[in-house]
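Enquirer: What follows is final16.cif, made up of mmCIF, C-alpha atoms:
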data_query
#
loop_
_atom_site.label_atom_id
_atom_site.label_comp_id
_atom_site.auth_asym_id
_atom_site.auth_seq_id
_atom_site.Cartn_x
_atom_site.Cartn_y
_atom_site.Cartn_z
CA MET A 266 1.42 42.66 13.11
CA SER A 267 -2.33 42.21 13.39
CA THR A 268 -3.85 39.99 16.05
CA ARG A 269 -5.13 37.62 13.42
CA TYR A 270 -1.60 36.78 12.32
CA ILE A 271 -0.42 36.40 15.90
CA ILE A 272 -3.22 33.96 16.72
CA LEU A 273 -2.56 31.96 13.57
CA THR A 274 1.16 31.83 14.26
CA ILE A 275 0.59 30.59 17.79
CA LEU A 276 -1.81 27.96 16.46
CA LEU A 277 0.68 26.82 13.86
CA LEU A 278 3.61 26.60 16.25
CA GLY A 279 1.49 24.97 18.92
CA THR A 280 0.17 22.20 16.71
CA SER A 281 3.54 21.50 15.16
CA PHE A 282 5.13 21.43 18.61
CA GLY A 283 2.53 18.93 19.70
CA LEU A 284 3.56 16.73 16.80
CA ILE A 285 6.96 16.14 18.34
CA TYR A 286 5.39 14.51 21.34
CA LEU A 287 2.86 12.39 19.48
CA PRO A 288 3.55 8.80 20.49
CA GLU A 289 4.39 6.48 17.64
CA LYS A 290 1.61 4.13 16.79
CA ALA A 291 3.15 0.72 16.66
CA ASP A 292 1.89 -0.83 13.50
CA TYR A 293 2.74 -4.47 13.01
CA GLY A 294 0.44 -5.00 10.08
CA GLN A 295 -1.78 -7.36 12.07
CA VAL A 296 -5.49 -7.69 12.41
CA LYS A 297 -7.13 -6.64 15.65
CA PRO A 298 -6.97 -9.21 18.49
CA ALA A 299 -10.74 -9.59 18.59
CA GLN A 300 -10.78 -10.52 14.93
CA PHE A 301 -7.92 -12.95 15.44
CA LEU A 302 -9.73 -14.62 18.33
CA TYR A 303 -12.84 -14.97 16.20
CA GLU A 304 -10.80 -16.69 13.51
CA ILE A 305 -9.27 -19.06 16.06
CA ASP A 306 -12.68 -20.02 17.44
CA ASN A 307 -14.01 -20.76 13.99
CA PRO A 308 -14.00 -24.54 13.52
CA ALA A 309 -14.23 -24.13 9.75
CA ARG A 310 -10.53 -23.42 9.63
CA PHE A 311 -9.95 -27.19 9.75
CA VAL A 312 -10.53 -29.42 6.77
CA SER A 313 -10.73 -33.16 7.06
CA THR A 314 -8.35 -35.54 5.35
CA ASP A 315 -11.28 -37.07 3.45
CA LEU A 316 -12.06 -33.72 1.85
CA ILE A 317 -8.44 -33.23 0.84
CA ALA A 318 -8.32 -36.73 -0.64
CA LYS A 319 -11.54 -36.14 -2.52
CA ARG A 320 -10.36 -32.85 -3.97
CA LEU A 321 -7.00 -34.30 -4.93
CA ILE A 322 -8.67 -37.21 -6.72
CA GLU A 323 -10.95 -34.81 -8.55
CA ARG A 324 -7.88 -32.68 -9.42
CA ASP A 325 -9.47 -29.58 -8.02
CA PRO A 326 -7.38 -26.70 -9.40
CA SER A 327 -8.23 -24.33 -6.61
CA LEU A 328 -6.55 -26.44 -3.94
CA PHE A 329 -3.03 -25.57 -2.88
CA LEU A 330 -1.28 -27.68 -0.25
CA ILE A 331 1.63 -26.35 1.75
CA ASP A 332 3.73 -28.78 3.75
CA VAL A 333 5.35 -26.91 6.63
CA ARG A 334 7.66 -29.68 7.78
CA SER A 335 11.39 -29.68 7.18
CA GLU A 336 12.81 -30.53 3.79
CA ASP A 337 14.08 -33.99 4.81
CA GLU A 338 10.71 -35.04 6.09
CA TYR A 339 9.11 -33.66 2.94
CA ASN A 340 11.46 -35.68 0.77
CA LYS A 341 10.74 -38.83 2.73
CA TYR A 342 7.04 -38.63 2.28
CA SER A 343 4.46 -36.02 1.55
CA ILE A 344 1.03 -35.82 0.07
CA PRO A 345 1.38 -35.84 -3.72
CA GLY A 346 1.00 -32.32 -4.96
CA ALA A 347 2.05 -30.60 -1.76
CA PHE A 348 4.47 -27.70 -1.85
CA ASN A 349 7.15 -27.51 0.80
CA ILE A 350 7.78 -24.38 2.83
CA PRO A 351 9.59 -25.21 6.07
CA LEU A 352 8.11 -23.51 9.09
CA ASP A 353 11.22 -21.39 9.63
CA ASN A 354 10.78 -19.73 6.25
CA ILE A 355 7.06 -19.33 6.25
CA ALA A 356 7.07 -15.69 7.27
CA SER A 357 9.65 -14.57 4.75
CA GLU A 358 8.86 -12.16 1.96
CA GLU A 359 9.19 -14.56 -0.94
CA ASN A 360 6.77 -17.03 0.60
CA ALA A 361 4.16 -14.42 1.33
CA ASP A 362 2.68 -14.89 -2.13
CA TYR A 363 2.23 -18.60 -1.53
CA LEU A 364 0.22 -18.03 1.61
CA ASP A 365 -1.92 -15.24 0.30
CA GLN A 366 -3.51 -16.48 -2.91
CA PRO A 367 -6.92 -15.01 -3.57
CA GLY A 368 -9.24 -17.46 -5.23
CA MET A 369 -7.32 -20.52 -4.06
CA ASP A 370 -7.83 -22.59 -0.93
CA VAL A 371 -4.50 -22.94 0.83
CA VAL A 372 -4.25 -25.91 3.20
CA LEU A 373 -1.40 -26.29 5.66
CA ILE A 374 -0.11 -29.73 6.46
CA SER A 375 2.24 -30.96 9.14
CA ASN A 376 2.79 -34.14 11.08
CA GLY A 377 0.28 -33.70 13.84
CA GLY A 378 -1.11 -30.29 13.13
CA VAL A 379 0.77 -28.19 15.67
CA TYR A 380 3.26 -26.68 13.22
CA ALA A 381 0.48 -26.17 10.72
CA ASP A 382 -1.45 -24.35 13.43
CA GLN A 383 1.50 -22.05 14.08
CA ALA A 384 1.79 -21.27 10.40
CA TRP A 385 -1.95 -20.68 10.27
CA ALA A 386 -1.72 -18.26 13.19
CA LEU A 387 0.93 -16.25 11.31
CA ALA A 388 -1.22 -16.08 8.23
CA ALA A 389 -4.42 -15.27 10.09
CA GLN A 390 -2.78 -12.41 11.96
CA LYS A 391 -1.79 -10.90 8.65
CA GLY A 392 -5.44 -11.03 7.69
CA ILE A 393 -5.14 -13.75 5.05
CA LYS A 394 -8.42 -15.47 4.38
CA ASN A 395 -8.92 -18.85 2.65
CA ILE A 396 -6.18 -20.58 4.59
CA TYR A 397 -6.94 -23.83 6.38
CA ILE A 398 -5.33 -26.62 8.33
CA MET A 399 -5.69 -30.29 7.56
CA LYS A 400 -7.09 -31.67 10.76
CA GLY A 401 -4.78 -34.16 12.42
CA GLY A 402 -2.05 -33.61 9.87
CA LEU A 403 -0.20 -36.43 8.24
CA ASN A 404 -0.81 -38.73 11.18
CA GLU A 405 -4.50 -38.51 10.46
CA TRP A 406 -3.79 -38.91 6.76
CA PHE A 407 -2.06 -42.20 7.43
CA ALA A 408 -4.74 -43.34 9.84
CA THR A 409 -7.64 -42.62 7.54
CA ILE A 410 -6.47 -42.71 3.96
CA ILE A 411 -3.34 -44.81 3.78
CA LYS A 412 -4.35 -47.37 6.38
CA PRO A 413 -8.10 -47.08 6.72
CA VAL A 414 -9.72 -48.86 9.64
CA ALA A 415 -12.84 -50.92 8.98
CA PRO A 416 -15.87 -49.67 10.90
CA PRO A 417 -17.44 -51.96 13.52
CA GLU A 418 -20.54 -53.98 12.75
CA THR A 419 -22.89 -51.58 14.49
CA ALA A 420 -21.81 -48.56 12.50
CA PRO A 421 -24.30 -46.72 10.23
CA THR A 422 -24.19 -47.01 6.45
CA GLU A 423 -22.40 -43.66 6.06
CA ALA A 424 -19.44 -45.06 7.93
CA TYR A 425 -19.23 -47.94 5.48
CA ASP A 426 -19.46 -45.55 2.53
CA LEU A 427 -16.68 -43.51 4.04
CA TYR A 428 -14.59 -46.62 4.53
CA ALA A 429 -15.13 -47.63 0.90
CA PHE A 430 -14.07 -44.17 -0.22
CA ARG A 431 -10.99 -44.34 1.99
CA LYS A 432 -9.98 -47.70 0.59
CA ALA A 433 -10.31 -46.35 -2.94
CA ALA A 434 -8.30 -43.28 -2.01
CA CYS A 435 -5.66 -45.49 -0.47
CA ILE A 436 -5.22 -47.35 -3.73
CA TYR A 437 -5.20 -44.05 -5.63
CA PHE A 438 -2.48 -42.56 -3.48
CA GLY A 439 -0.19 -45.47 -4.06
CA GLY A 440 -0.54 -47.63 -0.96
CA ALA A 441 -1.71 -51.22 -0.85
CA SER A 442 -4.68 -52.10 1.36
CA ALA A 443 -2.71 -52.89 4.48
CA GLY A 444 0.81 -53.08 5.81
CA VAL A 445 2.15 -50.10 3.94
CA GLU A 446 5.14 -48.37 5.45
CA SER A 447 5.66 -45.63 2.93
CA ALA A 448 3.59 -44.61 -0.02
CA GLY A 449 6.32 -44.02 -2.53
CA PRO A 450 8.52 -41.07 -3.31
CA ALA A 451 7.16 -37.62 -2.96
CA VAL A 452 5.97 -35.87 -6.08
CA LYS A 453 7.75 -32.56 -6.28
CA LYS A 454 5.42 -29.87 -7.33
CA THR A 455 6.39 -26.99 -9.54
CA VAL A 456 4.18 -24.08 -8.81
CA THR A 457 3.30 -21.23 -11.08
CA LEU A 458 1.95 -18.37 -9.07
CA ARG A 459 -0.50 -15.82 -10.20
CA LYS A 460 1.07 -12.73 -8.70
CA LYS A 461 -1.47 -10.72 -6.86
CA LYS A 462 -1.31 -7.19 -8.14
CA LYS A 463 -0.59 -5.04 -5.13
CA LYS A 464 -3.00 -2.21 -5.48
CA GLU A 465 -1.26 0.99 -4.52
CA ALA A 466 -2.97 4.20 -3.64
CA GLU A 467 -2.16 6.13 -6.75
CA GLY A 468 -1.44 9.76 -7.01
CA GLY A 469 0.11 12.36 -9.20
CA CYS A 470 0.12 16.00 -9.94
CA MET B 23 -9.80 4.54 8.00
CA GLY B 24 -8.50 6.32 4.99
CA PRO B 25 -7.53 6.49 2.20
CA LEU B 26 -11.14 5.72 1.53
CA THR B 27 -10.81 3.95 -1.80
CA TYR B 28 -7.81 1.92 -0.66
CA TYR B 29 -9.77 0.42 2.20
CA ASP B 30 -12.87 -0.04 0.05
CA ILE B 31 -15.06 2.23 2.11
CA ILE B 32 -16.18 3.90 -1.10
CA SER B 33 -15.81 2.48 -4.58
CA PRO B 34 -12.93 3.67 -6.80
CA GLU B 35 -15.25 5.53 -9.18
CA TRP B 36 -15.71 8.15 -6.49
CA ASN B 37 -12.10 9.17 -7.17
CA TYR B 38 -13.21 11.15 -10.20
CA VAL B 39 -16.05 12.90 -8.41
CA ILE B 40 -13.82 13.82 -5.48
CA ALA B 41 -11.12 15.01 -7.88
CA LEU B 42 -13.67 17.24 -9.57
CA ILE B 43 -14.81 18.72 -6.27
CA ILE B 44 -11.27 19.27 -5.02
CA GLY B 45 -10.26 20.82 -8.34
CA PHE B 46 -13.21 23.16 -8.18
CA PHE B 47 -12.26 24.42 -4.74
CA PHE B 48 -8.58 24.52 -5.64
CA GLY B 49 -9.23 26.78 -8.61
CA TYR B 50 -11.60 28.88 -6.54
CA ILE B 51 -9.03 29.43 -3.82
CA LEU B 52 -6.25 30.17 -6.31
CA GLU B 53 -8.36 32.80 -7.99
CA ALA B 54 -9.54 34.19 -4.66
CA SER B 55 -5.92 34.58 -3.54
CA GLY B 56 -5.32 36.64 -6.63
CA PHE B 57 -3.12 34.12 -8.37
CA SER B 58 -4.55 34.77 -11.79
CA SER B 59 -2.39 37.85 -12.01
CA SER B 60 1.01 37.17 -13.50
CA ARG B 61 2.48 40.18 -11.73
CA LYS B 62 1.52 38.79 -8.37
CA LEU B 63 3.02 35.44 -9.21
CA ALA B 64 6.32 36.82 -10.46
CA GLY B 65 6.52 39.12 -7.45
CA VAL B 66 8.57 36.62 -5.44
CA PHE B 67 11.35 36.82 -7.96
CA TYR B 68 11.33 40.58 -8.25
CA GLY B 69 10.78 41.04 -4.55
CA TYR B 70 7.59 43.09 -4.27
CA ASP B 71 4.91 40.52 -3.53
CA PHE B 72 5.38 37.34 -1.53
CA ALA B 73 1.87 35.93 -1.68
CA VAL B 74 2.97 32.85 -3.61
CA ILE B 75 5.50 31.68 -1.11
CA ARG B 76 3.19 32.34 1.82
CA VAL B 77 0.21 30.52 0.37
CA PHE B 78 2.38 27.64 -0.76
CA ILE B 79 4.07 27.12 2.61
CA THR B 80 0.78 27.51 4.47
CA ALA B 81 -0.83 24.86 2.30
CA VAL B 82 2.07 22.47 2.82
CA LEU B 83 2.08 22.99 6.58
CA VAL B 84 -1.67 22.53 6.94
CA ALA B 85 -1.45 19.35 4.89
CA ILE B 86 1.47 17.90 6.86
CA ILE B 87 0.10 18.71 10.30
CA GLY B 88 -3.37 17.56 9.33
CA LEU B 89 -2.14 14.28 7.91
CA LEU B 90 0.08 13.50 10.87
CA TYR B 91 -2.68 14.19 13.37
CA MET B 92 -5.16 12.20 11.36
CA GLY B 93 -2.67 9.35 11.19
CA TYR B 94 -2.32 9.47 14.94
CA PHE B 95 -6.08 9.35 15.46
CA GLY B 96 -6.36 6.44 13.08
CA LEU B 97 -8.37 8.30 10.47
CA ILE B 98 -5.81 7.75 7.77
CA ASP B 99 -3.11 5.20 7.13
CA TYR B 100 -0.39 7.45 5.84
CA LYS B 101 1.92 4.53 5.26
CA VAL B 102 -0.04 3.73 2.10
CA LEU B 103 -0.17 7.27 0.81
CA PHE B 104 1.44 7.64 -2.56
CA ILE B 105 4.95 9.10 -2.46
CA HIS B 106 6.33 10.35 -5.74
CA PRO B 107 9.55 8.65 -6.78
CA THR B 108 12.46 11.03 -6.41
CA PHE B 109 14.62 11.52 -9.48
CA MET B 110 17.27 13.86 -8.16
CA THR B 111 19.07 14.94 -11.32
CA SER B 112 16.04 15.28 -13.51
CA ALA B 113 14.20 17.13 -10.72
CA ILE B 114 16.95 19.73 -10.57
CA VAL B 115 17.06 20.16 -14.34
CA GLY B 116 13.28 20.26 -14.58
CA GLY B 117 13.12 22.77 -11.75
CA ILE B 118 15.51 25.10 -13.53
CA ILE B 119 13.51 24.89 -16.75
CA MET B 120 10.26 25.42 -14.86
CA GLY B 121 11.76 28.36 -13.02
CA PHE B 122 12.70 30.02 -16.29
CA GLY B 123 9.21 29.46 -17.63
CA PHE B 124 7.57 30.73 -14.46
CA ILE B 125 9.45 33.99 -14.30
CA MET B 126 9.30 34.69 -18.01
CA GLY B 127 5.65 33.82 -18.37
CA GLY B 128 4.44 34.77 -14.93
CA PHE B 129 2.30 31.66 -14.58
CA CYS B 130 2.66 28.10 -13.49
CA PRO B 131 0.47 25.45 -15.12
CA GLY B 132 -2.31 25.54 -12.52
CA THR B 133 -2.56 29.30 -12.32
CA SER B 134 -2.45 29.63 -16.09
CA LEU B 135 -5.74 27.76 -16.17
CA THR B 136 -7.26 30.13 -13.62
CA ALA B 137 -6.11 33.00 -15.85
CA VAL B 138 -7.77 31.27 -18.79
CA ALA B 139 -10.91 30.99 -16.69
CA ILE B 140 -11.07 34.74 -16.12
CA GLY B 141 -10.28 35.45 -19.76
CA LYS B 142 -6.78 36.86 -19.61
CA LEU B 143 -5.08 36.66 -22.98
CA ASP B 144 -1.65 35.95 -21.55
CA GLY B 145 -3.16 33.00 -19.73
CA TRP B 146 -4.46 31.65 -23.03
CA VAL B 147 -1.09 32.10 -24.69
CA PHE B 148 0.67 30.45 -21.73
CA THR B 149 -1.66 27.46 -21.83
CA GLY B 150 -1.20 27.16 -25.58
CA GLY B 151 2.55 27.22 -25.11
CA LEU B 152 2.19 24.63 -22.37
CA ILE B 153 0.38 22.23 -24.69
CA LEU B 154 2.91 22.82 -27.45
CA GLY B 155 5.71 22.18 -25.01
CA ILE B 156 4.15 18.89 -23.88
CA PHE B 157 3.74 17.83 -27.50
CA PHE B 158 7.34 18.74 -28.28
CA PHE B 159 8.50 16.83 -25.21
CA SER B 160 6.66 13.72 -26.33
CA LEU B 161 8.35 13.98 -29.72
CA ILE B 162 11.89 14.19 -28.35
CA PHE B 163 11.25 11.82 -25.42
CA PRO B 164 13.10 8.82 -26.91
CA PHE B 165 16.26 10.91 -27.04
CA ILE B 166 16.07 12.25 -23.50
CA GLU B 167 14.66 9.15 -21.84
CA LYS B 168 17.95 8.40 -20.17
CA TRP B 169 18.09 11.80 -18.48
CA TYR B 170 14.39 11.66 -17.67
CA TYR B 171 14.98 8.73 -15.33
CA ALA B 172 18.35 9.92 -13.99
CA GLY B 173 19.06 9.97 -10.30
CA ASP B 174 16.36 7.52 -9.23
CA MET B 175 16.16 7.35 -5.46
CA GLY B 176 12.87 5.52 -5.27
CA HIS B 177 9.81 6.41 -3.23
CA VAL B 178 11.76 8.03 -0.40
CA LYS B 179 10.60 10.63 2.10
CA ILE B 180 12.92 13.31 3.35
CA THR B 181 12.41 12.18 6.94
CA ASP B 182 13.39 8.64 6.03
CA TYR B 183 16.39 9.80 4.09
CA TYR B 184 17.83 11.91 6.89
CA GLY B 185 16.54 9.77 9.71
CA ILE B 186 14.63 12.45 11.64
CA SER B 187 11.11 11.87 12.81
CA ASP B 188 8.11 13.41 11.11
CA GLY B 189 7.09 15.54 14.09
CA VAL B 190 10.50 17.11 14.62
CA PHE B 191 10.86 17.88 10.95
CA THR B 192 7.43 19.50 10.79
CA PHE B 193 8.09 21.60 13.87
CA TRP B 194 11.34 23.02 12.51
CA PHE B 195 9.72 23.52 9.13
CA ALA B 196 6.98 25.52 10.86
CA VAL B 197 9.54 27.63 12.73
CA ILE B 198 11.46 28.38 9.54
CA SER B 199 8.27 29.20 7.71
CA VAL B 200 7.22 31.69 10.40
CA ILE B 201 10.62 33.35 9.98
CA ILE B 202 10.02 33.46 6.22
CA PHE B 203 6.60 35.04 6.72
CA VAL B 204 7.98 37.73 9.02
CA ALA B 205 10.93 38.43 6.73
CA SER B 206 8.71 38.71 3.66
CA SER B 207 6.37 41.14 5.35
CA LEU B 208 9.36 43.26 6.44
CA ILE B 209 10.73 43.29 2.90
CA LYS B 210 7.36 44.18 1.49
CA ARG B 211 7.15 47.16 3.80
CA ARG B 212 10.45 48.51 2.49
CA VAL B 213 9.73 48.00 -1.19
CA LYS B 214 7.86 50.54 -3.23
CA PRO B 215 4.36 49.18 -3.88
CA ILE B 216 3.62 48.21 -7.44
CA ARG B 217 0.26 48.67 -8.99
CA TYR B 218 -1.01 45.69 -10.86
#
Could the structure of this file be written out as structure tokens, please?
Expert:
Amino acid sequence: MSTRYIILTILLLGTSFGLIYLPEKADYGQVKPAQFLYEIDNPARFVSTDLIAKRLIERDPSLFLIDVRSEDEYNKYSIPGAFNIPLDNIASEENADYLDQPGMDVVLISNGGVYADQAWALAAQKGIKNIYIMKGGLNEWFATIIKPVAPPETAPTEAYDLYAFRKAACIYFGGASAGVESAGPAVKKTVTLRKKKKKEAEGGC
Amino acid sequence: MGPLTYYDIISPEWNYVIALIIGFFFGYILEASGFSSSRKLAGVFYGYDFAVIRVFITAVLVAIIGLLYMGYFGLIDYKVLFIHPTFMTSAIVGGIIMGFGFIMGGFCPGTSLTAVAIGKLDGWVFTGGLILGIFFFSLIFPFIEKWYYAGDMGHVKITDYYGISDGVFTFWFAVISVIIFVASSLIKRRVKPIRY
């Protein structure tokens, strides 16, 4: 038994013994905390209700709205064209493809924005890009689009243009100019998904 | 973080270049270990030369230990490494057929190409038979397709199947392999040496 073999055997047994005591790396499939914090600080993760209204009127095909409220609330009223995924189900496997759609802008909607924020946090931790929150949620939607408020006399011209746009959007989305309680039944959306091809590391002999 | 092409550190076209380089060194090492000689390869069966089993187990152990340590240091994400799907029944049947071919011919597909590279006629014949066999298989494939996919267990690892951790499994595998190495060298000492 030459010394070379003895050294190699000791090396082999030593390294494999060390493997037993290697601590398990906990892998939750999340992005690093620094990256997550950067995404939180980024104000561009919010989109305004005016932008959503504009894109809906223009029938922008790359917009995908997800309503994270419960099903009853969704049936009572939701933005036409929104897709309902209640917050409890948003992390499940079958809904993962709705959140992560490359090439589409996914916007999360809830009543005030808190539930949408929670859903956004889940998606951002998984590293999903192109996912946004409608700022102010449906409360803001009602306050700006469904029941727009006339700007005061001293406001600049842009505010008046915005108000004109909001009035037009209000009529488009089915509400009268004032005194609207609900804007009609929700339009259920049937969604055809383009399945993202999961690229696997391929191999073979 | 590897695998490099999966995480887009290098573009996928590099796969072919890397495959070429790895293949070059693989063939070089096979030939340098003397695996172009059919007598050396069939020696495990007849019991006079155990080079095949030693090289094979050493390669497997180096790969496992290296991958696990690299996974620990974050150099590779071995959760995305490709695991062959396990087809139990067809693996057993295929193994028996391959075993017959190996012992009768004295080559396995990779080493037959190294024998072709050094000009051995039996390597050429083996490779020709290999190609004929593949062609014949493709002709009868519609009839044996059912048995080809028999016993599908999915992309399962042995450690997942038996529920033991990777490190423990590798350690015991290393211990058993050291025993195999010692036993093979003892047997080789007793057996009359054969000239190739």
Enquirer: Within 10 Å of Ala196 (chain B), counting only C-alpha atoms, which residues show up once you throw out same-chain ones fewer than 6 positions away? Write them as a list of chain:residue names, please.
Expert: A:Thr274, A:Leu277, A:Leu278, A:Gly279, A:Thr280, A:Ser281, A:Phe282, B:Ile79, B:Thr80, B:Val82, B:Leu83, B:Val84, B:Ile87, B:Val190, B:Ile202
Enquirer: Residues of chain B that approach chain A to 6 Å or less, counting all atoms listed in the file: could you list each one with the shortest pair of atoms and its distance in Å to one decimal, rows by chain and increasing residue number, as CSV?
Expert:
residue,atom,partner,partner_atom,distance
B:Phe104,CA,A:Ala466,CA,5.7
B:Gly189,CA,A:Ile285,CA,4.3
B:Val190,CA,A:Ile285,CA,5.2
B:Phe193,CA,A:Ser281,CA,4.7
Enquirer: Which of these, B:Gly155, B:Pro107, B:Gly185, B:Gly56, has the shortest distance to Ile140 (chain B) once you count all atoms listed in the file?
Expert: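 For Ile140 (chain B), the nearest of the candidates is B:Gly56.
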Enquirer: Quick one: pull the distance between CA of Asp337 (chain A) and CA of Ile398 (chain A), Å, one decimal.
Expert: 21.1 Å
Enquirer: Write out as an MDAnalysis selection string the residues lying within 12 Å of Leu302 (chain A), counting all atoms listed in the file and excluding same-chain residues fewer than 6 positions away.
Expert: chainID A and resid 296 308 386 389:390
Enquirer: In Å, rounded to a single decimal, give me how far CA of Asp315 (chain A) is from CA of Phe430 (chain A).
Expert: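 For CA of Phe430 (chain A) relative to CA of Asp315 (chain A), the distance reads 8.5 Å.
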Enquirer: So, counting all atoms listed in the file, which residue among A:Ala384, A:Ala299, A:Ala433, A:Ile317 is closest to Glu405 (chain A)?
Expert: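 Between A:Ala384, A:Ala299, A:Ala433, A:Ile317, the residue approaching Glu405 (chain A) most closely is A:Ile317.
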Enquirer: Quick one: which residues end up in the PyMOL selection byres ((chain B and resi 125-139) around 6) for this structure, as a list of chain:residue names?
Expert: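 When the PyMOL selection byres ((chain B and resi 125-139) around 6) is applied to the shown file, the picked residues are B:Ser58, B:Ser60, B:Leu63, B:Ala64, B:Phe122, B:Gly123, B:Phe124, B:Ile140, B:Gly141, B:Lys142, B:Gly145, B:Trp146.
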Enquirer: With all atoms listed in the file as the atoms that count, which of A:Tyr342, A:Tyr380, A:Tyr270, A:Tyr397 lies nearest to Leu330 (chain A)?
Expert: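 Between A:Tyr342, A:Tyr380, A:Tyr270, A:Tyr397, the residue approaching Leu330 (chain A) most closely is A:Tyr397.
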Enquirer: When you draw a straight line from CA of Ala356 (chain A) to CA of Lys341 (chain A), how long is it in Å?
Expert: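 It comes out at 23.9 Å.
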Enquirer: Box for region 159-169 of chain B - axis-aligned, 6 Å on each of the six sides, all listed atoms - centre and size in Å to one decimal, as AutoDock Vina command-line options.
Expert:
--center_x 12.4 --center_y 12.6 --center_z -24.1 --size_x 23.4 --size_y 20.4 --size_z 23.2
Enquirer: For this structure, which residues satisfy the selection - the PyMOL selection byres ((chain A and resi 355) around 12) - when it is evaluated on the file as given? I want them as an mmCIF file with C-alpha atoms, in the coordinates of the input.
Expert:
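Final file, selection19.cif:
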data_model
loop_
_atom_site.group_PDB
_atom_site.id
_atom_site.type_symbol
_atom_site.label_atom_id
_atom_site.label_comp_id
_atom_site.auth_asym_id
_atom_site.auth_seq_id
_atom_site.Cartn_x
_atom_site.Cartn_y
_atom_site.Cartn_z
ATOM 1 C CA ILE A 331 1.630 -26.350 1.750
ATOM 2 C CA ASP A 332 3.730 -28.780 3.750
ATOM 3 C CA VAL A 333 5.350 -26.910 6.630
ATOM 4 C CA ARG A 334 7.660 -29.680 7.780
ATOM 5 C CA SER A 335 11.390 -29.680 7.180
ATOM 6 C CA PHE A 348 4.470 -27.700 -1.850
ATOM 7 C CA ASN A 349 7.150 -27.510 0.800
ATOM 8 C CA ILE A 350 7.780 -24.380 2.830
ATOM 9 C CA PRO A 351 9.590 -25.210 6.070
ATOM 10 C CA LEU A 352 8.110 -23.510 9.090
ATOM 11 C CA ASP A 353 11.220 -21.390 9.630
ATOM 12 C CA ASN A 354 10.780 -19.730 6.250
ATOM 13 C CA ALA A 356 7.070 -15.690 7.270
ATOM 14 C CA SER A 357 9.650 -14.570 4.750
ATOM 15 C CA GLU A 358 8.860 -12.160 1.960
ATOM 16 C CA GLU A 359 9.190 -14.560 -0.940
ATOM 17 C CA ASN A 360 6.770 -17.030 0.600
ATOM 18 C CA ALA A 361 4.160 -14.420 1.330
ATOM 19 C CA ASP A 362 2.680 -14.890 -2.130
ATOM 20 C CA TYR A 363 2.230 -18.600 -1.530
ATOM 21 C CA LEU A 364 0.220 -18.030 1.610
ATOM 22 C CA ASP A 365 -1.920 -15.240 0.300
ATOM 23 C CA LEU A 373 -1.400 -26.290 5.660
ATOM 24 C CA TYR A 380 3.260 -26.680 13.220
ATOM 25 C CA ALA A 381 0.480 -26.170 10.720
ATOM 26 C CA GLN A 383 1.500 -22.050 14.080
ATOM 27 C CA ALA A 384 1.790 -21.270 10.400
ATOM 28 C CA TRP A 385 -1.950 -20.680 10.270
ATOM 29 C CA ALA A 386 -1.720 -18.260 13.190
ATOM 30 C CA LEU A 387 0.930 -16.250 11.310
ATOM 31 C CA ALA A 388 -1.220 -16.080 8.230
#
Enquirer: Nearest residue to Thr108 (chain B) out of B:Arg212, B:Arg76, B:His177, B:Arg217, using all atoms listed in the file?
Expert: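 Going through B:Arg212, B:Arg76, B:His177, B:Arg217 one by one, the smallest distance to Thr108 (chain B) is for B:His177.
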Enquirer: Around (8.3, 38.3, -0.2) in the file's frame, which residues reach within 8 Å when counting all atoms listed in the file? Return as a compact mmCIF listing (two decimals) with C-alpha atoms, in the frame of the given file?
Expert:
# COMPACT_ATOMS: atom_id res chain seq x y z
CA GLY B 65 6.52 39.12 -7.45
CA VAL B 66 8.57 36.62 -5.44
CA GLY B 69 10.78 41.04 -4.55
CA TYR B 70 7.59 43.09 -4.27
CA ASP B 71 4.91 40.52 -3.53
CA PHE B 72 5.38 37.34 -1.53
CA ALA B 73 1.87 35.93 -1.68
CA ILE B 75 5.50 31.68 -1.11
CA PHE B 203 6.60 35.04 6.72
CA ALA B 205 10.93 38.43 6.73
CA SER B 206 8.71 38.71 3.66
CA SER B 207 6.37 41.14 5.35
CA ILE B 209 10.73 43.29 2.90
CA LYS B 210 7.36 44.18 1.49
Enquirer: With the PyMOL selection byres ((chain A and resi 329) around 7) as the selection, what would be picked from this file? Answer as a tab-separated table (two decimals) with C-alpha atoms, keeping the file's coordinate frame, please.
Expert:
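Full text of expr.tsv as output:
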chain	number	residue	atom	x	y	z
A	327	SER	CA	-8.23	-24.33	-6.61
A	328	LEU	CA	-6.55	-26.44	-3.94
A	330	LEU	CA	-1.28	-27.68	-0.25
A	331	ILE	CA	1.63	-26.35	1.75
A	369	MET	CA	-7.32	-20.52	-4.06
A	370	ASP	CA	-7.83	-22.59	-0.93
A	371	VAL	CA	-4.50	-22.94	0.83
A	372	VAL	CA	-4.25	-25.91	3.20
